[in-house]
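Q: upload.csv (CSV, C-alpha atoms) pasted underneath:
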```
chain,number,residue,atom,x,y,z
A,1,MET,CA,-43.1,-19.5,-6.4
A,2,SER,CA,-41.0,-16.5,-7.3
A,3,THR,CA,-37.7,-16.9,-9.3
A,4,THR,CA,-35.8,-16.4,-6.0
A,5,GLU,CA,-37.8,-19.0,-4.2
A,6,THR,CA,-37.4,-21.5,-7.0
A,7,ALA,CA,-33.6,-21.0,-7.1
A,8,ILE,CA,-33.3,-21.3,-3.3
A,9,ALA,CA,-35.5,-24.4,-3.2
A,10,SER,CA,-33.4,-26.1,-5.9
A,11,ALA,CA,-30.2,-25.3,-4.0
A,12,GLU,CA,-31.6,-26.6,-0.8
A,13,ALA,CA,-32.6,-29.8,-2.5
A,14,HIS,CA,-29.3,-30.5,-4.3
A,15,SER,CA,-26.5,-28.9,-2.3
A,16,ALA,CA,-25.1,-29.8,1.1
A,17,HIS,CA,-26.1,-27.4,3.8
A,18,ASN,CA,-22.6,-26.1,4.8
A,19,TYR,CA,-23.7,-22.4,4.7
A,20,HIS,CA,-26.8,-20.4,5.8
A,21,PRO,CA,-26.9,-17.6,3.2
A,22,LEU,CA,-29.4,-14.8,3.2
A,23,PRO,CA,-32.4,-15.4,0.9
A,24,VAL,CA,-31.1,-13.4,-2.0
A,25,VAL,CA,-30.1,-14.9,-5.4
A,26,VAL,CA,-27.5,-12.7,-7.1
A,27,ALA,CA,-27.4,-12.6,-10.9
A,28,SER,CA,-25.0,-9.9,-11.7
A,29,ALA,CA,-22.8,-7.3,-10.0
A,30,ASP,CA,-20.7,-4.2,-10.8
A,31,GLY,CA,-18.5,-2.2,-8.4
A,32,ALA,CA,-20.2,-2.2,-5.0
A,33,TRP,CA,-23.7,-3.1,-6.3
A,34,MET,CA,-25.3,-6.5,-7.0
A,35,THR,CA,-28.5,-7.3,-8.8
A,36,ASP,CA,-30.7,-10.3,-8.0
A,37,VAL,CA,-32.7,-12.6,-10.3
A,38,GLU,CA,-35.8,-10.4,-9.8
A,39,GLY,CA,-33.8,-7.3,-10.9
A,40,ARG,CA,-33.5,-5.7,-7.5
A,41,ARG,CA,-30.3,-4.0,-6.7
A,42,TYR,CA,-28.3,-4.3,-3.4
A,43,LEU,CA,-25.4,-2.5,-2.0
A,44,ASP,CA,-22.7,-5.1,-1.2
A,45,MET,CA,-21.3,-4.2,2.3
A,46,LEU,CA,-19.5,-7.5,2.7
A,47,ALA,CA,-17.3,-7.8,-0.4
A,48,GLY,CA,-17.0,-11.6,-0.3
A,49,TYR,CA,-15.4,-11.4,3.2
A,50,SER,CA,-12.8,-9.1,1.6
A,51,ALA,CA,-12.2,-11.2,-1.5
A,52,LEU,CA,-13.8,-8.3,-3.5
A,53,ASN,CA,-11.7,-5.4,-2.2
A,54,PHE,CA,-11.5,-4.0,-5.7
A,55,GLY,CA,-15.2,-4.4,-6.4
A,56,HIS,CA,-17.3,-6.6,-8.6
A,57,GLY,CA,-16.3,-6.7,-12.3
A,58,ASN,CA,-13.2,-4.6,-11.9
A,59,ARG,CA,-12.2,-3.7,-15.5
A,60,ARG,CA,-8.5,-4.0,-14.9
A,61,LEU,CA,-8.8,-7.4,-13.4
A,62,LEU,CA,-11.3,-8.7,-16.0
A,63,ASP,CA,-9.1,-7.4,-18.8
A,64,ALA,CA,-6.1,-9.2,-17.3
A,65,ALA,CA,-8.1,-12.4,-17.0
A,66,ARG,CA,-9.5,-12.2,-20.5
A,67,ALA,CA,-6.1,-11.7,-22.0
A,68,GLN,CA,-4.7,-14.7,-20.2
A,69,LEU,CA,-7.7,-16.8,-21.0
A,70,GLU,CA,-6.8,-16.5,-24.7
A,71,ARG,CA,-3.2,-17.7,-24.1
A,72,VAL,CA,-2.9,-20.4,-21.5
A,73,THR,CA,-4.7,-21.1,-18.2
A,74,LEU,CA,-3.0,-24.1,-16.7
A,75,THR,CA,0.3,-26.0,-17.2
A,76,SER,CA,0.4,-27.7,-13.8
A,77,ARG,CA,3.7,-27.2,-12.0
A,78,ALA,CA,5.1,-30.0,-14.1
A,79,PHE,CA,6.3,-27.2,-16.4
A,80,HIS,CA,7.3,-23.6,-16.1
A,81,HIS,CA,5.0,-20.8,-17.5
A,82,ASP,CA,5.8,-17.2,-18.4
A,83,ARG,CA,3.7,-15.5,-15.7
A,84,PHE,CA,5.0,-17.4,-12.7
A,85,ALA,CA,8.3,-15.7,-12.1
A,86,ASP,CA,6.9,-12.2,-12.4
A,87,PHE,CA,4.0,-13.1,-10.0
A,88,CYS,CA,6.4,-14.5,-7.3
A,89,THR,CA,8.9,-11.6,-7.7
A,90,ARG,CA,6.3,-8.8,-7.5
A,91,LEU,CA,4.4,-10.4,-4.6
A,92,ALA,CA,7.7,-10.9,-2.7
A,93,GLU,CA,8.6,-7.2,-3.3
A,94,LEU,CA,5.1,-6.1,-2.1
A,95,CYS,CA,5.6,-8.0,1.1
A,96,GLY,CA,9.2,-7.0,1.6
A,97,MET,CA,10.1,-10.7,1.5
A,98,GLU,CA,12.2,-13.0,-0.7
A,99,MET,CA,10.1,-16.1,-1.6
A,100,VAL,CA,6.6,-17.1,-2.5
A,101,LEU,CA,4.8,-20.4,-2.4
A,102,PRO,CA,1.5,-20.0,-4.4
A,103,MET,CA,-1.6,-22.0,-3.6
A,104,ASN,CA,-5.4,-21.5,-4.3
A,105,THR,CA,-7.5,-21.1,-1.2
A,106,GLY,CA,-6.8,-19.4,2.1
A,107,ALA,CA,-7.1,-22.7,3.9
A,108,GLU,CA,-4.5,-24.3,1.6
A,109,ALA,CA,-2.2,-21.4,2.4
A,110,VAL,CA,-2.7,-21.8,6.1
A,111,GLU,CA,-2.0,-25.6,5.8
A,112,THR,CA,1.2,-24.7,3.8
A,113,ALA,CA,2.3,-22.3,6.5
A,114,VAL,CA,1.8,-25.0,9.2
A,115,LYS,CA,3.8,-27.5,7.2
A,116,THR,CA,6.5,-24.9,6.5
A,117,ALA,CA,6.8,-24.0,10.1
A,118,ARG,CA,7.1,-27.6,11.2
A,119,LYS,CA,9.7,-28.4,8.6
A,120,TRP,CA,11.7,-25.3,9.5
A,121,GLY,CA,11.5,-26.3,13.1
A,122,TYR,CA,12.9,-29.7,12.4
A,123,ARG,CA,15.5,-28.8,9.8
A,124,VAL,CA,16.7,-25.4,11.0
A,125,LYS,CA,15.7,-24.9,14.7
A,126,GLY,CA,16.5,-28.5,15.7
A,127,VAL,CA,13.2,-29.5,17.3
A,128,PRO,CA,13.1,-33.2,17.9
A,129,ASP,CA,11.1,-35.1,15.3
A,130,GLY,CA,7.3,-35.1,15.9
A,131,MET,CA,7.6,-32.6,18.8
A,132,ALA,CA,6.9,-29.3,17.0
A,133,LYS,CA,4.3,-27.0,18.6
A,134,ILE,CA,2.4,-24.1,17.0
A,135,ILE,CA,0.7,-21.5,19.2
A,136,VAL,CA,-2.6,-20.1,18.0
A,137,ALA,CA,-5.2,-17.8,19.5
A,138,ALA,CA,-8.6,-18.6,20.9
A,139,ASP,CA,-11.6,-17.6,18.7
A,140,ASN,CA,-9.4,-17.8,15.6
A,141,PHE,CA,-10.6,-18.6,12.1
A,142,HIS,CA,-8.0,-19.9,9.7
A,143,GLY,CA,-10.2,-22.2,7.5
A,144,ARG,CA,-12.0,-25.5,7.8
A,145,THR,CA,-9.7,-28.3,6.9
A,146,THR,CA,-9.3,-31.1,9.4
A,147,THR,CA,-6.0,-29.8,10.7
A,148,ILE,CA,-7.2,-26.2,11.0
A,149,ILE,CA,-10.4,-27.0,12.9
A,150,SER,CA,-8.2,-29.0,15.3
A,151,PHE,CA,-7.0,-25.7,16.7
A,152,SER,CA,-10.3,-23.9,16.5
A,153,THR,CA,-12.3,-23.1,19.6
A,154,ASP,CA,-15.6,-22.9,17.5
A,155,GLN,CA,-17.4,-26.0,18.5
A,156,GLU,CA,-19.8,-25.6,15.5
A,157,ALA,CA,-16.7,-26.0,13.2
A,158,ARG,CA,-15.2,-28.8,15.2
A,159,ALA,CA,-18.1,-31.1,16.2
A,160,ASP,CA,-18.1,-34.6,14.7
A,161,TYR,CA,-14.9,-34.1,12.8
A,162,GLY,CA,-12.4,-35.7,15.2
A,163,PRO,CA,-10.0,-37.2,15.8
A,164,TYR,CA,-8.1,-33.9,15.7
A,165,THR,CA,-4.6,-33.1,14.6
A,166,PRO,CA,-2.2,-32.6,17.6
A,167,GLY,CA,0.7,-30.1,17.8
A,168,PHE,CA,-1.2,-26.9,18.7
A,169,GLU,CA,-1.6,-24.8,21.8
A,170,ILE,CA,-4.3,-22.2,22.2
A,171,VAL,CA,-3.9,-19.0,24.2
A,172,PRO,CA,-6.2,-16.1,24.7
A,173,TYR,CA,-6.1,-13.5,21.9
A,174,GLY,CA,-4.4,-10.3,22.8
A,175,ASP,CA,-2.8,-11.7,26.0
A,176,PRO,CA,1.0,-11.4,25.7
A,177,THR,CA,1.6,-12.9,29.2
A,178,ALA,CA,-0.2,-16.1,28.2
A,179,LEU,CA,1.8,-16.2,25.0
A,180,ARG,CA,5.1,-15.8,26.8
A,181,GLU,CA,4.2,-18.6,29.2
A,182,ALA,CA,3.2,-20.9,26.3
A,183,ILE,CA,6.4,-20.7,24.3
A,184,THR,CA,8.8,-23.6,24.9
A,185,ASP,CA,11.9,-24.9,23.1
A,186,ASN,CA,9.7,-27.0,20.9
A,187,THR,CA,7.6,-24.0,19.7
A,188,VAL,CA,8.2,-23.4,16.0
A,189,ALA,CA,5.6,-20.7,15.3
A,190,VAL,CA,2.9,-18.4,16.5
A,191,LEU,CA,0.0,-18.1,14.1
A,192,LEU,CA,-2.3,-15.2,14.5
A,193,GLU,CA,-4.8,-13.0,12.6
A,194,PRO,CA,-3.7,-9.3,13.1
A,195,ILE,CA,-7.5,-8.7,13.5
A,196,GLN,CA,-9.8,-11.6,14.1
A,197,GLY,CA,-12.5,-11.4,11.4
A,198,GLU,CA,-14.9,-14.3,12.0
A,199,ALA,CA,-14.8,-13.6,15.7
A,200,GLY,CA,-16.4,-10.3,15.1
A,201,VAL,CA,-13.6,-8.0,13.8
A,202,LEU,CA,-11.7,-8.1,17.1
A,203,VAL,CA,-8.8,-5.6,17.1
A,204,PRO,CA,-6.0,-6.6,19.6
A,205,PRO,CA,-4.9,-4.2,22.3
A,206,PRO,CA,-2.3,-1.6,21.2
A,207,GLY,CA,1.2,-3.0,21.3
A,208,TYR,CA,0.1,-6.6,21.2
A,209,LEU,CA,1.5,-7.4,17.7
A,210,SER,CA,4.7,-5.6,18.6
A,211,THR,CA,5.1,-7.8,21.7
A,212,VAL,CA,4.4,-10.9,19.7
A,213,ARG,CA,7.1,-9.9,17.3
A,214,GLU,CA,9.6,-9.3,20.2
A,215,LEU,CA,8.7,-12.6,21.9
A,216,THR,CA,9.0,-14.7,18.8
A,217,ARG,CA,12.3,-13.1,17.8
A,218,GLU,CA,13.7,-13.6,21.3
A,219,ARG,CA,12.8,-17.3,21.4
A,220,ASN,CA,13.6,-18.2,17.7
A,221,VAL,CA,10.0,-18.8,16.8
A,222,LEU,CA,8.3,-17.9,13.5
A,223,PHE,CA,5.6,-15.2,13.6
A,224,ILE,CA,3.0,-16.1,11.0
A,225,ALA,CA,0.5,-13.4,10.2
A,226,ASP,CA,-2.7,-14.7,8.6
A,227,GLU,CA,-3.6,-11.6,6.5
A,228,ILE,CA,-6.1,-13.4,4.3
A,229,GLN,CA,-8.9,-11.0,5.3
A,230,THR,CA,-6.9,-8.2,6.9
A,231,GLY,CA,-4.3,-7.8,4.1
A,232,LEU,CA,-4.1,-6.1,0.7
A,233,GLY,CA,-5.7,-2.8,1.6
A,234,ARG,CA,-8.7,-3.7,3.8
A,235,THR,CA,-7.5,-1.9,7.0
A,236,GLY,CA,-6.0,1.2,5.3
A,237,LYS,CA,-2.5,-0.3,5.0
A,238,THR,CA,-1.3,-3.0,2.6
A,239,PHE,CA,-1.0,-5.3,5.7
A,240,ALA,CA,-2.7,-4.9,9.1
A,241,CYS,CA,0.6,-5.6,10.8
A,242,GLU,CA,1.8,-2.3,9.5
A,243,HIS,CA,-0.4,-0.4,11.9
A,244,GLU,CA,2.1,-1.4,14.6
A,245,GLY,CA,5.2,-1.3,12.4
A,246,VAL,CA,5.5,-5.1,12.6
A,247,VAL,CA,6.9,-7.3,9.9
A,248,PRO,CA,6.2,-11.0,10.6
A,249,ASP,CA,8.4,-13.9,9.4
A,250,MET,CA,5.6,-15.2,7.1
A,251,TYR,CA,2.5,-13.7,5.5
A,252,VAL,CA,-0.5,-15.9,4.6
A,253,LEU,CA,-2.5,-14.3,1.9
A,254,GLY,CA,-5.6,-15.1,-0.1
A,255,LYS,CA,-9.1,-13.7,-0.9
A,256,ALA,CA,-8.3,-10.2,-2.4
A,257,LEU,CA,-5.1,-11.6,-4.0
A,258,GLY,CA,-7.4,-13.1,-6.7
A,259,GLY,CA,-9.5,-10.0,-7.0
A,260,GLY,CA,-12.8,-11.9,-6.7
A,261,VAL,CA,-12.0,-13.4,-10.1
A,262,VAL,CA,-10.1,-16.6,-9.4
A,263,PRO,CA,-9.0,-18.2,-6.1
A,264,VAL,CA,-5.4,-17.2,-5.4
A,265,SER,CA,-3.5,-17.6,-2.2
A,266,ALA,CA,0.2,-17.6,-1.2
A,267,VAL,CA,2.6,-18.0,1.7
A,268,VAL,CA,5.3,-15.3,1.5
A,269,SER,CA,8.5,-15.4,3.6
A,270,SER,CA,12.3,-15.4,3.5
A,271,SER,CA,14.5,-17.9,1.7
A,272,ALA,CA,15.7,-19.2,5.1
A,273,VAL,CA,12.1,-20.3,5.8
A,274,LEU,CA,10.5,-21.2,2.5
A,275,GLY,CA,13.9,-22.6,1.4
A,276,VAL,CA,13.3,-25.7,3.5
A,277,HIS,CA,10.9,-27.1,0.9
A,278,ARG,CA,12.3,-29.5,-1.8
A,279,PRO,CA,10.7,-30.8,-5.0
A,280,GLY,CA,8.0,-33.3,-4.3
A,281,GLU,CA,7.5,-32.5,-0.7
A,282,HIS,CA,4.5,-30.1,-1.1
A,283,GLY,CA,2.5,-28.8,-4.1
A,284,SER,CA,-0.8,-28.0,-5.8
A,285,THR,CA,-1.9,-28.7,-9.3
A,286,PHE,CA,-3.6,-25.3,-9.7
A,287,GLY,CA,-1.3,-23.4,-7.3
A,288,GLY,CA,0.4,-20.6,-9.3
A,289,ASN,CA,-1.4,-21.3,-12.5
A,290,PRO,CA,-1.1,-18.8,-15.4
A,291,LEU,CA,-4.6,-17.4,-15.0
A,292,ALA,CA,-4.1,-16.9,-11.2
A,293,CYS,CA,-0.7,-15.3,-11.8
A,294,ALA,CA,-2.1,-12.9,-14.4
A,295,VAL,CA,-4.9,-11.7,-12.1
A,296,GLY,CA,-2.6,-11.6,-9.1
A,297,LEU,CA,-0.1,-9.5,-10.9
A,298,GLU,CA,-2.8,-6.9,-11.7
A,299,VAL,CA,-3.9,-6.9,-8.1
A,300,ILE,CA,-0.3,-6.3,-7.0
A,301,ALA,CA,0.1,-3.5,-9.6
A,302,MET,CA,-3.1,-1.8,-8.2
A,303,LEU,CA,-1.8,-2.0,-4.6
A,304,ARG,CA,1.6,-0.6,-5.5
A,305,THR,CA,0.0,2.8,-6.2
A,306,GLY,CA,-1.3,3.1,-2.6
A,307,GLU,CA,-4.6,4.6,-3.7
A,308,PHE,CA,-6.7,1.7,-2.4
A,309,GLN,CA,-5.0,1.7,0.9
A,310,GLN,CA,-5.5,5.5,1.2
A,311,ARG,CA,-9.2,5.2,0.2
A,312,ALA,CA,-9.8,2.4,2.8
A,313,ALA,CA,-8.1,4.6,5.5
A,314,GLU,CA,-10.1,7.8,4.6
A,315,LEU,CA,-13.5,6.1,4.1
A,316,GLY,CA,-12.8,3.9,7.1
A,317,ASP,CA,-12.4,6.9,9.3
A,318,HIS,CA,-15.7,8.1,8.1
A,319,LEU,CA,-17.3,4.7,8.6
A,320,HIS,CA,-16.2,4.4,12.2
A,321,ARG,CA,-17.2,8.0,13.0
A,322,GLU,CA,-20.7,7.2,11.7
A,323,LEU,CA,-21.0,3.9,13.5
A,324,GLY,CA,-19.7,5.4,16.7
A,325,VAL,CA,-22.7,7.7,16.8
A,326,LEU,CA,-24.9,4.6,17.0
A,327,LEU,CA,-23.5,3.8,20.4
A,328,ASP,CA,-25.4,6.7,21.9
A,329,GLY,CA,-28.8,5.4,20.9
A,330,GLY,CA,-28.6,2.1,22.8
A,331,ALA,CA,-29.2,-0.1,19.8
A,332,VAL,CA,-25.5,-0.8,19.4
A,333,GLU,CA,-23.3,-2.1,22.2
A,334,ALA,CA,-19.9,-2.0,20.6
A,335,VAL,CA,-18.2,-1.1,17.3
A,336,ARG,CA,-14.8,-2.5,16.4
A,337,GLY,CA,-12.5,-2.5,13.4
A,338,ARG,CA,-10.0,-0.7,11.3
A,339,GLY,CA,-10.2,0.8,7.8
A,340,LEU,CA,-13.2,-0.2,5.8
A,341,TRP,CA,-14.0,-3.1,8.2
A,342,ALA,CA,-16.2,-3.1,11.2
A,343,GLY,CA,-17.9,-5.4,13.6
A,344,VAL,CA,-21.1,-4.0,15.1
A,345,ASP,CA,-22.6,-5.7,18.2
A,346,ILE,CA,-26.4,-5.3,18.2
A,347,ALA,CA,-28.1,-4.9,21.6
A,348,PRO,CA,-30.3,-8.0,22.1
A,349,ALA,CA,-33.5,-6.0,22.5
A,350,HIS,CA,-33.1,-4.9,18.9
A,351,GLY,CA,-32.7,-8.3,17.3
A,352,THR,CA,-30.0,-10.9,16.5
A,353,GLY,CA,-27.3,-10.3,13.9
A,354,ARG,CA,-29.2,-12.5,11.5
A,355,GLU,CA,-32.4,-10.6,12.0
A,356,ILE,CA,-30.7,-7.2,11.4
A,357,SER,CA,-29.0,-8.6,8.3
A,358,GLU,CA,-32.4,-9.7,6.9
A,359,LYS,CA,-33.9,-6.4,7.6
A,360,LEU,CA,-31.1,-4.6,5.9
A,361,MET,CA,-31.5,-7.0,2.9
A,362,ASP,CA,-35.1,-5.9,2.7
A,363,ARG,CA,-33.8,-2.4,2.4
A,364,GLY,CA,-31.3,-3.2,-0.3
A,365,VAL,CA,-28.1,-3.6,1.8
A,366,LEU,CA,-26.2,-6.9,2.2
A,367,VAL,CA,-24.1,-7.6,5.3
A,368,LYS,CA,-23.6,-10.8,7.3
A,369,ASP,CA,-23.9,-11.8,10.9
A,370,THR,CA,-21.5,-13.7,13.1
A,371,HIS,CA,-21.6,-15.1,16.6
A,372,GLY,CA,-25.3,-14.3,17.2
A,373,SER,CA,-25.4,-10.6,17.9
A,374,THR,CA,-22.7,-9.2,15.6
A,375,ILE,CA,-22.9,-7.9,12.0
A,376,ARG,CA,-19.8,-7.4,9.8
A,377,ILE,CA,-19.4,-4.5,7.5
A,378,ALA,CA,-16.7,-4.7,4.8
A,379,PRO,CA,-17.7,-3.0,1.6
A,380,PRO,CA,-15.5,-3.0,-1.5
A,381,LEU,CA,-12.7,-0.4,-1.3
A,382,VAL,CA,-14.1,1.2,-4.4
A,383,ILE,CA,-17.5,2.1,-2.8
A,384,ALA,CA,-18.6,5.6,-3.4
A,385,LYS,CA,-18.9,7.7,-0.2
A,386,GLU,CA,-22.5,8.6,-1.0
A,387,ASP,CA,-23.3,4.9,-1.4
A,388,LEU,CA,-21.6,4.1,1.9
A,389,ASP,CA,-23.6,6.8,3.6
A,390,TRP,CA,-26.8,5.5,2.1
A,391,GLY,CA,-26.0,2.0,3.4
A,392,LEU,CA,-25.3,3.4,6.9
A,393,GLU,CA,-28.6,5.3,6.8
A,394,GLN,CA,-30.4,2.0,6.1
A,395,LEU,CA,-28.7,0.6,9.2
A,396,ARG,CA,-29.9,3.6,11.3
A,397,GLU,CA,-33.4,3.1,10.0
A,398,VAL,CA,-33.4,-0.6,10.9
A,399,LEU,CA,-32.1,0.1,14.4
A,400,ARG,CA,-34.8,2.8,14.9
A,401,GLY,CA,-37.1,-0.1,14.1
```
As structure tokens, how would this structure be written, given the file I've shared?
A:
Amino acid sequence: MSTTETAIASAEAHSAHNYHPLPVVVASADGAWMTDVEGRRYLDMLAGYSALNFGHGNRRLLDAARAQLERVTLTSRAFHHDRFADFCTRLAELCGMEMVLPMNTGAEAVETAVKTARKWGYRVKGVPDGMAKIIVAADNFHGRTTTIISFSTDQEARADYGPYTPGFEIVPYGDPTALREAITDNTVAVLLEPIQGEAGVLVPPPGYLSTVRELTRERNVLFIADEIQTGLGRTGKTFACEHEGVVPDMYVLGKALGGGVVPVSAVVSSSAVLGVHRPGEHGSTFGGNPLACAVGLEVIAMLRTGEFQQRAAELGDHLHRELGVLLDGGAVEAVRGRGLWAGVDIAPAHGTGREISEKLMDRGVLVKDTHGSTIRIAPPLVIAKEDLDWGLEQLREVLRG
């Protein structure tokens, strides 16, 4: 067997089958390029589902991590450390908020947001104990914990994991009328992705987020924006909500906040909301650790210049123009997205999303499929225009088939 086949066979034998990765075994990476164990190079057009917005092996992030590795990496939250205050302060400033609650993974941050909204509902809004409701959207993806899959409509994610956590109501994404009708006096929050990633990069109708903001403000309900994939430059703005001039009550962040170096996530909100927490009521041993804060601080510093947001906007316009041309050939049924992020629906006659992804892999381009017929394109924001064009040319060649 080849080195690749041996590595995959070993993984299949000794790891639970919770993912279905493409048959490539990456050994190293730099910028927008990855190299496998056979020495073959691939253009990364997925960027770790936006965790690698700043590219593989970003020098600034690696230098920040190395410097902190030599000092202290973990204290637990039993003690203060000298990077924590700066991280929370700078992240709050970036978000235009007041307080930060750091965690590790995106799912942890979503769980934290759910707990925060419920506690706020009981302590501030006055919802009767045990009656808090959170409204979510159909086809959402917020993670895979037991509580989160309880409000998922993806049966593959839900099957055989019940009983499910109550307290959630699901409405169609992009439908403000359904949302308005679902809100009651016991509603404490509306939790949405500004663009639904796993569902195929679904962009809501114009004005939808603004309407959500108006409705939640009218009814004294928290608007929670899950910007784990959409945030931190991906769509051409720091946050996807900015495209409609919307500021939610709470941001849920992750992925790119750790720069692809360490897992970092956070809930960011006002003191009136996050101030409901008291010592001992919620926590995480690794949440806000010194290494995470050091890397996160460098990510924030990079975003404050605006250069990555501008690059995503400019290259994103180019990406969507090029993808739009594919609609004329019949091989592509729809293209959606914003900034350097796109969902491309492949016409069934040309193959499934998985088959197209595998053909692109054979040509040295890595993307990933979702929901059968869709491929997702989300390269690192540092990708060179000529590399992006080369990757798009490979897609055109595959579709000519």
Q: Fewer than 4 positions away in the same chain doesn't count, so skip those; otherwise give me all residues within 8 Å of A:Leu215, counting all atoms listed in the file, as a CSV table (one decimal) with C-alpha atoms, in the frame of the given file.
A:
```csv
chain,number,residue,atom,x,y,z
A,180,ARG,CA,5.1,-15.8,26.8
A,211,THR,CA,5.1,-7.8,21.7
A,219,ARG,CA,12.8,-17.3,21.4
```
Q: What does the structure give for the distance between atom CA of A:Leu253 and atom CA of A:Gly106, in Å to one decimal?
A: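 Distance between the two atoms: 6.7 Å.
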Q: Using all atoms listed in the file for the distances, tell me which of A:Phe151, A:Tyr122, A:Phe239, A:Trp390 is nearest to A:Val188.
A: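 Of A:Phe151, A:Tyr122, A:Phe239, A:Trp390, the one nearest A:Val188 is A:Tyr122, counting all atoms listed in the file.
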Q: Could you pull the residues within 10 Å of stretch 357-369 of chain A, counting all atoms listed in the file, minus those fewer than 2 positions along the same chain, as number ranges by chain?
A: A: 21-24, 33-35, 40-49, 198, 200, 343-345, 351-355, 371-379, 390-392, 394-399, 401
Q: Counting all atoms listed in the file, which residues of stretch 246-353 of chain A fall within 8 Å of stretch 86-98 of chain A, and what is the closest atom pair for each with its distance in Å at one decimal, ordered by chain and rising number, as JSON lines?
A:
```
{"residue": "A:Tyr251", "atom": "CA", "partner": "A:Cys95", "partner_atom": "CA", "distance": 7.8}
{"residue": "A:Val268", "atom": "CA", "partner": "A:Ala92", "partner_atom": "CA", "distance": 6.5}
{"residue": "A:Ser269", "atom": "CA", "partner": "A:Met97", "partner_atom": "CA", "distance": 5.4}
{"residue": "A:Ser270", "atom": "CA", "partner": "A:Glu98", "partner_atom": "CA", "distance": 4.8}
{"residue": "A:Ser271", "atom": "CA", "partner": "A:Glu98", "partner_atom": "CA", "distance": 5.9}
{"residue": "A:Cys293", "atom": "CA", "partner": "A:Phe87", "partner_atom": "CA", "distance": 5.5}
{"residue": "A:Ala294", "atom": "CA", "partner": "A:Phe87", "partner_atom": "CA", "distance": 7.5}
{"residue": "A:Gly296", "atom": "CA", "partner": "A:Phe87", "partner_atom": "CA", "distance": 6.8}
{"residue": "A:Leu297", "atom": "CA", "partner": "A:Phe87", "partner_atom": "CA", "distance": 5.5}
{"residue": "A:Ile300", "atom": "CA", "partner": "A:Leu91", "partner_atom": "CA", "distance": 6.7}
{"residue": "A:Arg304", "atom": "CA", "partner": "A:Leu94", "partner_atom": "CA", "distance": 7.4}
```
Q: How many Å lie between atom CA of A:Ile148 and atom CA of A:Val100, rounded to one decimal?
A: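 For atom CA of A:Ile148 relative to atom CA of A:Val100, the distance reads 21.3 Å.
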Q: Using Å and a single decimal, report how far atom CA of A:Val246 sits from atom CA of A:Pro206.
A: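 Going from atom CA of A:Pro206 over to atom CA of A:Val246 covers 12.1 Å.
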Q: Of the candidates A:Val114, A:Glu214, A:Asp139, A:Val203, which one gets nearest to A:Met250 if we count all atoms listed in the file?
A: A:Val114
Q: Closest to A:Arg217 among A:Leu291, A:Ala342, A:Val190, A:Val252, using all atoms listed in the file?
A: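 Looking only at the distances to A:Arg217, the closest residue turns out to be A:Val190.
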Q: Which one is closest to A:Glu227: A:Leu179, A:Val110, A:Leu326, A:Val37? Count all atoms listed in the file.
A: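 Nearest candidate to A:Glu227 out of A:Leu179, A:Val110, A:Leu326, A:Val37: A:Val110.
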Q: When you count all atoms listed in the file, which of these residues is closest to A:Glu393: A:Leu323, A:Ile346, A:Glu5, A:Glu314?
A: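 Among A:Leu323, A:Ile346, A:Glu5, A:Glu314, it is A:Leu323 that comes nearest to A:Glu393.
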Q: I'd like to know which of A:Thr187, A:Thr238, A:Thr165, A:Ser265 is closest to A:Ser150, using only C-alpha atoms.
A: A:Thr165
Q: What would the list of residues within 10 Å of (-2.2, -28.7, 2.9) (file frame) look like as a list of chain:residue names, if all atoms listed in the file are what count?
A: A:Met103, A:Ala107, A:Glu108, A:Ala109, A:Val110, A:Glu111, A:Thr112, A:Ala113, A:Val114, A:Lys115, A:Thr145, A:Thr146, A:Thr147, A:Ile148, A:His282, A:Gly283, A:Ser284
Q: Could you pull the residues within 10 Å of A:Gly130, counting all atoms listed in the file, minus those fewer than 6 positions along the same chain, as a PyMOL selection string?
A: chain A and resi 118+122+166-167+186
Q: Find the residues near A:Glu298: any atom within 12 Å, counting all atoms listed in the file, skip ones fewer than 4 places away on the same chain, and give them as a short mmCIF file (atom, residue, chain, number, x, y, z; two decimals) with C-alpha atoms, keeping the file's coordinate frame.
A:
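Output file result_36.cif is given in full below:
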```
data_model
loop_
_atom_site.label_atom_id
_atom_site.label_comp_id
_atom_site.auth_asym_id
_atom_site.auth_seq_id
_atom_site.Cartn_x
_atom_site.Cartn_y
_atom_site.Cartn_z
CA PHE A 54 -11.50 -4.00 -5.70
CA ASN A 58 -13.20 -4.60 -11.90
CA ARG A 59 -12.20 -3.70 -15.50
CA ARG A 60 -8.50 -4.00 -14.90
CA LEU A 61 -8.80 -7.40 -13.40
CA LEU A 62 -11.30 -8.70 -16.00
CA ASP A 63 -9.10 -7.40 -18.80
CA ALA A 64 -6.10 -9.20 -17.30
CA ALA A 65 -8.10 -12.40 -17.00
CA ALA A 67 -6.10 -11.70 -22.00
CA GLN A 68 -4.70 -14.70 -20.20
CA ARG A 83 3.70 -15.50 -15.70
CA ASP A 86 6.90 -12.20 -12.40
CA PHE A 87 4.00 -13.10 -10.00
CA ARG A 90 6.30 -8.80 -7.50
CA LEU A 91 4.40 -10.40 -4.60
CA ALA A 256 -8.30 -10.20 -2.40
CA LEU A 257 -5.10 -11.60 -4.00
CA GLY A 258 -7.40 -13.10 -6.70
CA GLY A 259 -9.50 -10.00 -7.00
CA VAL A 261 -12.00 -13.40 -10.10
CA LEU A 291 -4.60 -17.40 -15.00
CA ALA A 292 -4.10 -16.90 -11.20
CA CYS A 293 -0.70 -15.30 -11.80
CA ALA A 294 -2.10 -12.90 -14.40
CA MET A 302 -3.10 -1.80 -8.20
CA LEU A 303 -1.80 -2.00 -4.60
CA ARG A 304 1.60 -0.60 -5.50
CA THR A 305 0.00 2.80 -6.20
#
```
